[in-house]
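**Q** Structure: coords.txt, compact mmCIF, C-alpha atoms.
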```txt
# COMPACT_ATOMS: atom_id res chain seq x y z
CA MET N 86 177.09 -36.99 -30.76
CA ARG N 87 179.96 -39.00 -32.19
CA THR N 88 180.76 -42.69 -32.19
CA ILE N 89 184.45 -43.63 -32.27
CA THR N 90 185.79 -47.06 -33.24
CA SER N 91 189.24 -48.38 -34.04
CA SER N 92 189.97 -48.48 -37.75
CA ALA N 93 191.33 -51.37 -39.82
CA THR N 94 194.46 -49.27 -40.40
CA GLU N 95 195.07 -49.06 -36.62
CA ARG N 96 194.61 -52.81 -36.19
CA SER N 97 197.08 -53.44 -39.01
CA ALA N 98 199.56 -51.05 -37.41
CA ALA N 99 199.13 -52.84 -34.10
CA ARG N 100 200.29 -56.09 -35.68
CA ALA N 101 203.19 -54.53 -37.57
CA LEU N 102 204.65 -52.08 -35.08
CA PRO N 103 206.21 -54.52 -32.58
CA GLN N 104 208.51 -55.77 -35.37
CA ARG N 105 210.01 -52.30 -35.79
CA LYS N 106 212.52 -50.53 -33.64
CA ALA N 107 210.75 -48.60 -30.88
CA SER N 108 211.27 -44.85 -30.76
CA ALA N 109 211.70 -43.13 -27.43
CA ARG N 110 209.61 -40.25 -28.79
CA ALA N 111 206.75 -41.82 -30.69
CA PRO N 112 204.51 -39.24 -32.36
CA LEU N 113 201.18 -38.50 -30.74
CA GLN N 114 198.39 -40.48 -32.36
CA ARG N 115 195.61 -39.26 -34.57
CA THR N 116 192.54 -37.30 -33.58
CA ALA N 117 189.54 -39.28 -34.72
CA SER N 118 186.87 -36.67 -34.11
CA VAL N 119 186.40 -33.25 -32.55
CA LEU N 120 183.10 -31.90 -31.29
CA SER N 121 181.87 -28.52 -32.45
CA ASP N 122 183.26 -26.49 -29.55
CA GLY N 123 186.98 -25.82 -29.80
CA GLN N 124 187.49 -26.80 -26.16
CA SER N 125 185.29 -29.88 -26.28
CA ILE N 126 186.40 -33.48 -26.02
CA SER N 127 188.16 -34.98 -29.01
CA ALA N 128 188.58 -38.70 -29.54
CA THR N 129 192.35 -38.84 -29.38
CA GLU N 130 193.77 -42.34 -29.13
CA GLY N 131 197.20 -43.33 -27.86
CA VAL N 132 198.08 -45.35 -30.94
CA GLY N 133 201.87 -44.96 -31.31
CA PRO N 134 203.21 -45.61 -27.80
CA ALA N 135 200.40 -47.90 -26.74
CA LEU N 136 200.85 -50.42 -29.51
CA LEU N 137 204.03 -51.63 -27.82
CA ALA N 138 202.03 -52.60 -24.75
CA GLN N 139 202.47 -56.33 -25.25
CA GLN N 140 206.21 -55.83 -24.85
CA LEU N 141 205.67 -53.72 -21.73
CA ALA N 142 205.22 -56.64 -19.35
CA ARG N 143 208.71 -57.87 -20.24
CA LYS N 144 210.46 -54.57 -19.62
CA THR N 145 211.67 -52.80 -16.54
CA LYS N 146 209.99 -49.61 -15.37
CA ALA N 147 212.85 -47.51 -16.74
CA GLU N 148 212.49 -49.15 -20.15
CA ASN N 149 208.73 -48.64 -20.01
CA ASN N 150 209.18 -44.92 -19.56
CA ALA N 151 211.38 -44.89 -22.66
CA VAL N 152 208.82 -46.78 -24.77
CA PHE N 153 205.81 -44.69 -23.78
CA ASP N 154 205.71 -41.05 -24.76
CA TYR N 155 204.23 -40.05 -21.43
CA PRO N 156 204.61 -36.28 -21.93
CA ALA N 157 202.61 -36.49 -25.16
CA LEU N 158 199.91 -38.65 -23.58
CA LYS N 159 199.69 -36.33 -20.58
CA GLU N 160 199.35 -33.37 -22.92
CA CYS N 161 196.50 -35.16 -24.68
CA LEU N 162 194.78 -35.65 -21.31
CA ARG N 163 195.29 -31.99 -20.43
CA VAL N 164 194.05 -30.61 -23.75
CA HIS N 165 191.16 -32.97 -24.47
CA GLY N 166 190.03 -34.15 -21.03
CA TYR N 167 190.84 -37.80 -21.69
CA VAL N 168 193.28 -40.13 -23.41
CA ARG N 169 192.71 -43.65 -24.74
CA VAL N 170 195.52 -46.22 -24.79
CA PRO N 171 194.68 -49.44 -26.72
CA PHE N 172 197.06 -52.08 -25.33
CA GLY N 173 195.44 -55.13 -26.92
CA ALA N 174 193.64 -58.21 -25.61
CA GLY N 175 195.38 -60.23 -22.92
CA THR N 176 197.14 -57.28 -21.28
CA SER N 177 197.43 -57.61 -17.52
CA PRO N 178 195.53 -55.01 -15.47
CA LYS N 179 198.75 -54.47 -13.50
CA VAL N 180 200.41 -53.22 -16.70
CA ALA N 181 197.51 -50.87 -17.38
CA GLU N 182 197.60 -49.72 -13.76
CA GLN N 183 201.25 -48.72 -14.05
CA VAL N 184 200.59 -46.64 -17.16
CA ALA N 185 197.44 -45.05 -15.67
CA ARG N 186 199.31 -44.09 -12.51
CA THR N 187 202.10 -42.48 -14.51
CA LEU N 188 199.65 -40.50 -16.65
CA THR N 189 197.81 -39.20 -13.58
CA ASN N 190 200.93 -38.50 -11.47
CA CYS N 191 199.71 -41.02 -8.92
CA GLU N 192 202.56 -43.53 -8.68
CA ALA N 193 201.17 -45.02 -5.45
CA GLY N 194 198.06 -44.78 -3.32
CA GLY N 195 195.27 -42.78 -4.89
CA GLY N 196 191.64 -42.82 -3.89
CA GLN N 197 189.92 -45.57 -1.95
CA TYR N 198 186.41 -46.58 -3.00
CA ASN N 199 185.46 -49.39 -0.62
CA GLY N 200 184.48 -48.33 2.89
CA GLY N 201 183.54 -44.82 1.72
CA GLY N 202 179.79 -45.29 1.84
CA GLY N 203 179.18 -46.75 -1.63
CA VAL N 204 178.89 -50.26 -3.05
CA GLN N 205 181.65 -52.77 -2.35
CA ARG N 206 183.83 -53.52 -5.39
CA GLY N 207 186.14 -56.47 -5.95
CA SER N 208 189.64 -56.04 -7.40
CA LEU N 209 190.84 -57.37 -10.77
CA GLU N 210 193.68 -59.91 -10.73
CA GLY N 211 195.48 -58.40 -7.77
CA SER N 212 195.66 -54.92 -9.30
CA ALA N 213 194.25 -51.69 -7.86
CA PHE N 214 191.53 -51.73 -10.53
CA LEU N 215 188.09 -52.39 -9.02
CA ASP N 216 185.09 -53.96 -10.75
CA ALA N 217 183.27 -51.01 -12.34
CA ALA N 218 180.09 -53.00 -13.00
CA GLU N 219 179.16 -53.62 -9.36
CA GLY N 220 175.55 -52.56 -8.76
CA ALA N 221 174.88 -51.73 -12.44
CA PRO N 222 172.70 -54.28 -14.32
CA ALA N 223 173.55 -54.76 -17.99
CA SER N 224 169.97 -53.91 -18.99
CA LEU N 225 170.14 -50.39 -17.56
CA ARG N 226 172.15 -47.38 -18.71
CA ILE N 227 174.76 -46.07 -16.30
CA GLN N 228 173.75 -42.43 -16.30
CA PRO N 229 176.35 -39.67 -16.81
CA HIS N 230 178.22 -38.73 -13.67
CA ASN N 231 181.48 -37.40 -12.31
CA GLU N 232 183.08 -40.04 -10.10
CA MET N 233 182.32 -39.46 -6.38
CA ALA N 234 180.78 -36.02 -7.03
CA TYR N 235 178.65 -36.72 -3.94
CA SER N 236 181.74 -36.78 -1.70
CA SER N 237 183.80 -34.06 -0.04
CA ARG N 238 186.89 -35.73 -1.55
CA PHE N 239 186.91 -37.01 -5.11
CA PRO N 240 189.49 -38.17 -7.68
CA GLU N 241 191.13 -35.63 -9.93
CA CYS N 242 191.36 -38.32 -12.62
CA VAL N 243 189.73 -41.70 -13.06
CA SER N 244 190.92 -44.59 -15.25
CA PHE N 245 189.01 -47.49 -16.79
CA PHE N 246 190.54 -50.68 -18.17
CA MET N 247 188.50 -53.01 -20.36
CA MET N 248 189.55 -56.58 -19.56
CA GLN N 249 186.75 -58.38 -21.43
CA SER N 250 184.53 -56.57 -23.90
CA GLN N 251 182.48 -59.41 -25.41
CA VAL N 252 178.83 -58.34 -25.71
CA LEU N 253 176.15 -59.30 -28.20
CA SER N 254 175.06 -55.67 -28.59
CA GLY N 255 175.29 -52.28 -26.89
CA GLY N 256 177.68 -51.46 -24.05
CA LEU N 257 179.26 -48.36 -25.58
CA THR N 258 181.25 -46.18 -23.21
CA GLU N 259 179.69 -42.72 -23.04
CA LEU N 260 181.67 -39.54 -22.35
CA TYR N 261 180.19 -36.11 -21.69
CA ASP N 262 181.85 -32.70 -21.92
CA ASN N 263 180.91 -30.81 -18.74
CA LEU N 264 182.11 -27.48 -20.13
CA LYS N 265 179.77 -27.84 -23.08
CA LEU N 266 177.04 -29.07 -20.70
CA THR N 267 177.40 -25.94 -18.56
CA ARG N 268 177.08 -23.70 -21.60
CA ARG N 269 174.18 -25.74 -22.97
CA LEU N 270 172.15 -25.38 -19.78
CA ALA N 271 172.83 -21.64 -19.62
CA GLU N 272 171.44 -21.12 -23.15
CA THR N 273 167.75 -21.52 -22.24
CA PRO N 274 165.56 -19.98 -19.51
CA GLU N 275 164.74 -23.43 -18.09
CA GLY N 276 168.36 -24.45 -18.10
CA ALA N 277 169.42 -21.17 -16.48
CA LEU N 278 166.98 -21.76 -13.61
CA ILE N 279 168.42 -25.25 -13.11
CA MET N 280 171.95 -23.83 -13.15
CA ASP N 281 170.90 -21.34 -10.48
CA LYS N 282 169.64 -24.17 -8.27
CA MET N 283 172.79 -26.18 -8.89
CA THR N 284 174.88 -23.20 -7.83
CA ARG N 285 172.81 -22.11 -4.81
CA LEU N 286 171.46 -25.39 -3.46
CA GLY N 287 173.55 -28.30 -4.64
CA ILE N 288 172.14 -31.82 -4.29
CA GLN N 289 171.10 -34.12 -1.45
CA TYR N 290 172.11 -37.71 -2.25
CA VAL N 291 169.99 -40.31 -0.43
CA ARG N 292 170.93 -43.98 0.05
CA LEU N 293 169.09 -46.87 1.69
CA LEU N 294 171.35 -49.57 3.15
CA HIS N 295 170.45 -53.13 4.12
CA ASP N 296 171.91 -55.54 6.61
CA GLU N 297 174.76 -57.55 5.09
CA ALA N 298 172.85 -60.73 5.93
CA ASP N 299 170.33 -59.80 3.20
CA ARG N 300 172.95 -59.55 0.43
CA LYS N 301 171.65 -62.37 -1.75
CA ARG N 302 167.97 -61.55 -1.29
CA PRO N 303 165.77 -59.49 -3.66
CA GLY N 304 165.81 -55.78 -2.90
CA PHE N 305 169.39 -55.71 -1.58
CA TYR N 306 171.71 -53.13 -3.14
CA ALA N 307 174.37 -52.25 -0.55
CA SER N 308 174.90 -52.84 3.16
CA TRP N 309 175.76 -50.44 5.91
CA GLU N 310 178.44 -52.87 7.16
CA THR N 311 180.50 -52.77 3.95
CA SER N 312 179.68 -49.12 3.28
CA TYR N 313 181.16 -48.02 6.61
CA SER N 314 183.56 -50.92 7.34
CA THR N 315 181.98 -51.93 10.63
CA ASP N 316 179.50 -54.50 11.92
CA ASP N 317 178.29 -52.16 14.69
CA PHE N 318 175.15 -50.27 13.62
CA GLY N 319 175.71 -47.49 16.14
CA GLU N 320 179.26 -46.97 14.90
CA ALA N 321 178.04 -46.85 11.29
CA LEU N 322 175.50 -44.18 12.23
CA SER N 323 178.19 -42.25 14.05
CA ASN N 324 180.52 -42.41 11.04
CA ALA N 325 177.77 -41.19 8.70
CA ASN N 326 176.88 -38.36 11.08
CA SER N 327 180.45 -37.21 11.68
CA THR N 328 180.54 -34.44 9.06
CA LYS N 329 178.44 -31.32 8.50
CA ASP N 330 177.37 -32.47 5.04
CA SER N 331 175.93 -35.88 5.96
CA PHE N 332 173.47 -37.46 8.36
CA ALA N 333 172.01 -40.93 8.85
CA LEU N 334 169.11 -42.49 10.69
CA ALA N 335 167.28 -45.77 10.91
CA CYS N 336 164.75 -46.28 8.12
CA ASP N 337 161.22 -45.39 9.20
CA ASP N 338 158.26 -47.77 9.32
CA ALA N 339 156.76 -46.44 6.08
CA CYS N 340 159.90 -47.26 4.10
CA ARG N 341 160.23 -50.67 5.66
CA GLU N 342 156.58 -51.48 4.94
CA GLN N 343 157.04 -50.69 1.23
CA TYR N 344 159.66 -53.43 1.03
CA SER N 345 157.84 -55.88 3.29
CA SER N 346 154.65 -55.55 1.24
CA LEU N 347 156.59 -56.88 -1.76
CA GLY N 348 158.06 -59.78 0.20
CA MET N 349 161.55 -58.23 0.36
CA PRO N 350 163.80 -57.54 3.36
CA ALA N 351 163.61 -53.92 4.41
CA PRO N 352 166.63 -51.59 4.43
CA ARG N 353 167.86 -50.56 7.85
CA MET N 354 169.70 -47.25 7.37
CA GLN N 355 169.00 -44.08 5.40
CA VAL N 356 171.99 -41.85 4.65
CA VAL N 357 171.61 -38.30 3.31
CA THR N 358 174.70 -36.52 1.96
CA TRP N 359 174.85 -32.99 0.60
CA ALA N 360 177.25 -31.92 -2.15
CA PRO N 361 177.58 -28.92 -4.47
CA SER N 362 176.87 -29.37 -8.17
CA MET N 363 179.60 -27.09 -9.47
CA VAL N 364 183.38 -27.12 -9.36
CA THR N 365 186.16 -24.74 -10.39
CA HIS N 366 188.29 -26.48 -12.99
CA PRO N 367 191.91 -25.22 -12.95
CA THR N 368 191.78 -24.14 -16.62
CA LEU N 369 188.10 -24.15 -17.63
CA GLY N 370 186.64 -22.20 -14.70
CA GLU N 371 183.26 -22.97 -13.10
CA ILE N 372 181.53 -26.00 -14.63
CA VAL N 373 178.88 -28.54 -13.64
CA PHE N 374 180.19 -31.41 -11.49
CA THR N 375 177.49 -33.82 -10.40
CA SER N 376 176.04 -37.31 -10.09
CA VAL N 377 172.44 -36.09 -10.19
CA LEU N 378 171.27 -38.38 -13.01
CA ASN N 379 173.22 -41.40 -11.80
CA ARG N 380 171.75 -41.06 -8.32
CA HIS N 381 168.22 -39.94 -9.19
CA ALA N 382 165.93 -42.92 -8.60
CA SER N 383 164.65 -42.71 -12.18
CA TRP N 384 167.84 -44.45 -13.34
CA LEU N 385 166.34 -47.64 -11.89
CA ASP N 386 163.19 -47.39 -14.02
CA GLY N 387 162.81 -50.78 -15.68
CA HIS N 388 164.80 -52.62 -13.00
CA GLU N 389 163.27 -56.03 -12.36
CA VAL N 390 163.00 -55.35 -8.61
CA PHE N 391 163.28 -51.64 -7.88
CA ASP N 392 160.89 -50.51 -10.60
CA ARG N 393 158.07 -51.68 -8.29
CA LEU N 394 159.07 -49.21 -5.59
CA PRO N 395 158.40 -45.45 -5.49
CA TYR N 396 161.41 -43.21 -6.05
CA THR N 397 161.75 -42.38 -2.36
CA ALA N 398 162.04 -46.09 -1.46
CA ARG N 399 164.66 -47.03 -4.05
CA PRO N 400 168.25 -47.61 -2.90
CA TYR N 401 169.51 -44.39 -4.53
CA HIS N 402 167.68 -41.11 -4.93
CA CYS N 403 168.54 -37.41 -4.92
CA ARG N 404 166.80 -34.09 -4.45
CA TRP N 405 167.73 -30.44 -4.38
CA GLY N 406 169.93 -29.28 -1.54
CA ASP N 407 166.98 -27.73 0.30
CA GLY N 408 165.15 -31.07 0.31
CA ALA N 409 162.74 -30.32 -2.54
CA GLU N 410 162.21 -33.05 -5.13
CA LEU N 411 163.48 -32.43 -8.64
CA ALA N 412 160.51 -31.89 -10.92
CA GLN N 413 160.21 -34.35 -13.79
CA ARG N 414 160.71 -31.48 -16.22
CA GLU N 415 163.96 -30.54 -14.50
CA VAL N 416 165.23 -34.12 -14.80
CA ASP N 417 164.23 -34.15 -18.47
CA VAL N 418 166.06 -30.87 -19.20
CA ILE N 419 169.23 -32.06 -17.46
CA ARG N 420 169.13 -35.40 -19.28
CA SER N 421 168.58 -33.69 -22.65
CA ALA N 422 171.50 -31.31 -22.06
CA PHE N 423 173.80 -34.21 -21.22
CA GLY N 424 172.64 -35.96 -24.37
CA ASP N 425 173.69 -32.95 -26.44
CA CYS N 426 177.23 -33.26 -25.04
CA LYS N 427 177.72 -37.01 -25.45
CA MET N 428 180.32 -38.97 -27.37
CA GLU N 429 180.13 -42.76 -27.69
CA MET N 430 183.17 -45.01 -27.84
CA ARG N 431 183.55 -48.75 -28.32
CA LEU N 432 186.26 -49.96 -25.94
CA HIS N 433 187.91 -53.26 -26.86
CA SER N 434 189.61 -55.78 -24.60
CA GLY N 435 192.90 -54.27 -23.46
CA ASP N 436 191.84 -50.61 -23.88
CA LEU N 437 192.73 -48.15 -21.14
CA ILE N 438 191.01 -44.78 -20.93
CA VAL N 439 192.02 -42.03 -18.48
CA LEU N 440 189.62 -39.15 -17.77
CA ASP N 441 189.93 -35.72 -16.22
CA ASN N 442 187.15 -36.36 -13.69
CA LEU N 443 186.38 -32.67 -13.19
CA TRP N 444 185.86 -32.04 -16.90
CA VAL N 445 184.49 -35.30 -18.33
CA SER N 446 181.46 -37.22 -17.06
CA HIS N 447 181.13 -40.86 -17.99
CA GLY N 448 178.45 -43.52 -18.35
CA ARG N 449 177.66 -46.74 -20.19
CA ALA N 450 174.92 -47.76 -22.59
CA PRO N 451 172.80 -50.86 -21.83
CA PHE N 452 174.05 -54.08 -23.37
CA VAL N 453 173.17 -57.69 -24.06
CA PRO N 454 175.85 -59.89 -22.43
CA GLY N 455 177.92 -62.25 -24.53
CA PRO N 456 179.26 -65.70 -23.62
CA GLU N 457 181.82 -64.15 -21.26
CA ARG N 458 181.17 -61.47 -18.70
CA ARG N 459 181.95 -57.88 -19.75
CA LEU N 460 184.63 -56.87 -17.26
CA MET N 461 185.92 -53.34 -16.78
CA GLY N 462 188.17 -52.02 -14.02
CA LEU N 463 187.97 -48.65 -12.24
CA LEU N 464 191.02 -46.89 -10.77
CA LEU N 465 190.80 -43.65 -8.78
CA GLY N 466 193.59 -41.11 -9.09
CA GLN N 467 194.80 -38.56 -6.57
CA MET N 468 192.01 -37.38 -4.30
CA ILE N 469 191.33 -33.68 -3.98
CA LYS N 470 189.24 -31.81 -1.42
CA ARG N 471 186.11 -29.89 -2.20
CA GLU N 472 186.68 -26.14 -2.41
CA GLU N 473 186.10 -24.33 0.88
CA SER N 474 183.86 -21.82 -0.90
CA ARG N 475 181.55 -24.70 -1.89
CA SER N 476 181.56 -26.57 1.43
CA ILE N 477 178.64 -24.97 3.24
CA PRO N 478 175.28 -26.76 2.83
CA PRO N 479 172.12 -24.65 2.48
CA PRO N 480 170.33 -23.80 5.76
CA GLU N 481 167.51 -26.27 5.02
CA PHE N 482 169.98 -29.16 5.00
CA SER N 483 171.58 -28.11 8.28
CA THR N 484 168.14 -27.82 9.86
CA ALA N 485 167.21 -31.33 8.68
CA LYS N 486 170.46 -32.71 10.06
CA GLU N 487 169.76 -31.19 13.47
CA GLN N 488 166.22 -32.56 13.41
CA PHE N 489 167.05 -36.15 12.45
CA MET N 490 170.45 -36.75 14.01
CA PRO N 491 170.42 -38.89 17.15
CA LYS N 492 170.58 -36.63 20.18
CA VAL N 493 173.69 -36.99 22.35
CA SER N 494 172.87 -36.69 26.06
```
Show the structure stored in the file as structure tokens.
**A**
Amino acid sequence: MRTITSSATERSAARALPQRKASARAPLQRTASVLSDGQSISATEGVGPALLAQQLARKTKAENNAVFDYPALKECLRVHGYVRVPFGAGTSPKVAEQVARTLTNCEAGGGQYNGGGGVQRGSLEGSAFLDAAEGAPASLRIQPHNEMAYSSRFPECVSFFMMQSQVLSGGLTELYDNLKLTRRLAETPEGALIMDKMTRLGIQYVRLLHDEADRKRPGFYASWETSYSTDDFGEALSNANSTKDSFALACDDACREQYSSLGMPAPRMQVVTWAPSMVTHPTLGEIVFTSVLNRHASWLDGHEVFDRLPYTARPYHCRWGDGAELAQREVDVIRSAFGDCKMEMRLHSGDLIVLDNLWVSHGRAPFVPGPERRLMGLLLGQMIKREESRSIPPPEFSTAKEQFMPKVS
């Protein structure tokens, strides 16, 4: 595991460079650290072109393309799985958005997060960046995950922009090399068995959704209204049941009683979505692609509200694709393997980082908030469809869907 920070030399260069004449072909940065595997992530930072970012807001798009060495930055993203561009504090998220879109070949559009069944995220200063912290308390670690790995469509790349980074401690951005993770799991008998389940079964992702009217009450996490962009419960159920890899039903009495016994409003809808846990990367081949740790209910251990509930009653949970619970030992092995493939990075205000979402998982360490809120934006790149060869749920999931789906007369 490596920790990467900006050096005093870089900060000095950041102050000096704007006084020099900009080159249309600035050299590509330095590589701060490389993990042991030759194809693993390296901490390459977009120092040269990015240091002119404060001038970027005053230039036209054509001039911007001359200042930024986009081919070199794109090559860094292709070779290392991510690229970091330190603009500097005070940079507008709209400026960072323009650069992120160019690096990911997504000049307009891109993925939509709100209304897709997850939490509702607000935008940052009129940009397409959404608040990445929604639903994630500072006291808990955001577990490693590939963005929207639970969905049949997911972003090829994902970008993060740090608007405000003031924290008293913690809050490191965590990156994980999924190629190295795949090899690490395959090295041991336990890991090989888990890989077999990931390949054969995939994962069932389970969510419990409240009524929007309960938003400000204890126990609320997300509502079915915002998740499915409707205020009609029947329509929300229909939307969730419209694909072969998802089904939804009203929460049962046992689940509702677990909330009521703690004096909290009960969730109304349970949604179960199946997804594979592997993907074929265009250059790396078959690698792990999952949100298993970020959606397993254990990530809410220590939460001031949800820690009092059993895993099956927490707002997020997951299990194997055949419906079997992950054994604690399996969770521990997966978490340990991710830990072996982790790199930590301190992002400063004005830093942009663009990830190859198929190759690099991401997370965030717990932190103690500072006087101002830590504010990071999330931008989805071009959406790609799940491979046809990985689009058939296991028979046990299809049977459960038939059993629980509302019958149409």
**Q** Neighbouring residues of range 422-439 of chain N were defined as those with any atom within 6 Å, considering all atoms listed in the file; residues of the same chain fewer than 3 positions away were excluded. Please report them as a PyMOL selection string.
**A** chain N and resi 86-90+167-174+176+243-250+257-262+419
**Q** Can you pull out every residue within 8 Å of Glu481 in chain N, counting all atoms listed in the file, but drop anything in the same chain fewer than 5 positions away, and send it as a list in words?
**A**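 Contacts, in chain order: Gly406, Asp407 and Gly408 of chain N.
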**Q** Determine the nearest neighbour of Thr484 in chain N from the options N:His388, N:Lys470, N:Lys329, N:Arg458, counting all atoms listed in the file.
**A**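 Once distances to Thr484 in chain N are computed over all atoms listed in the file, the minimum belongs to N:Lys329.
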**Q** For Pro274 in chain N, find every residue with an atom within 12 Å (counting only C-alpha atoms), except residues of its own chain fewer than 5 positions away, and show them as a list in words.
**A**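 Result of the neighbour search: Arg269, Ile279, Met280, Asp281, Glu415 and Val418 of chain N.
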**Q** Closest to Ser236 in chain N among N:Leu394, N:Met468, N:Ala271, N:Leu158, using all atoms listed in the file?
**A**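 For Ser236 in chain N, the nearest of the given residues is N:Met468.
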**Q** Of the candidates N:Trp359, N:Phe374, N:Tyr401, N:Phe489, which one gets nearest to Asn231 in chain N if we count only C-alpha atoms?
**A** N:Phe374
**Q** Just the number, please: distance in Å from CA of Arg380 in chain N to CA of His402 in chain N, one decimal.
**A**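 Here the two named atoms are 5.3 Å from each other.
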**Q** Between CA of Leu286 in chain N and CA of Ala409 in chain N, what is the distance, to one decimal in Å?
**A**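 If I compute the distance from CA of Leu286 in chain N to CA of Ala409 in chain N, I get 10.1 Å.
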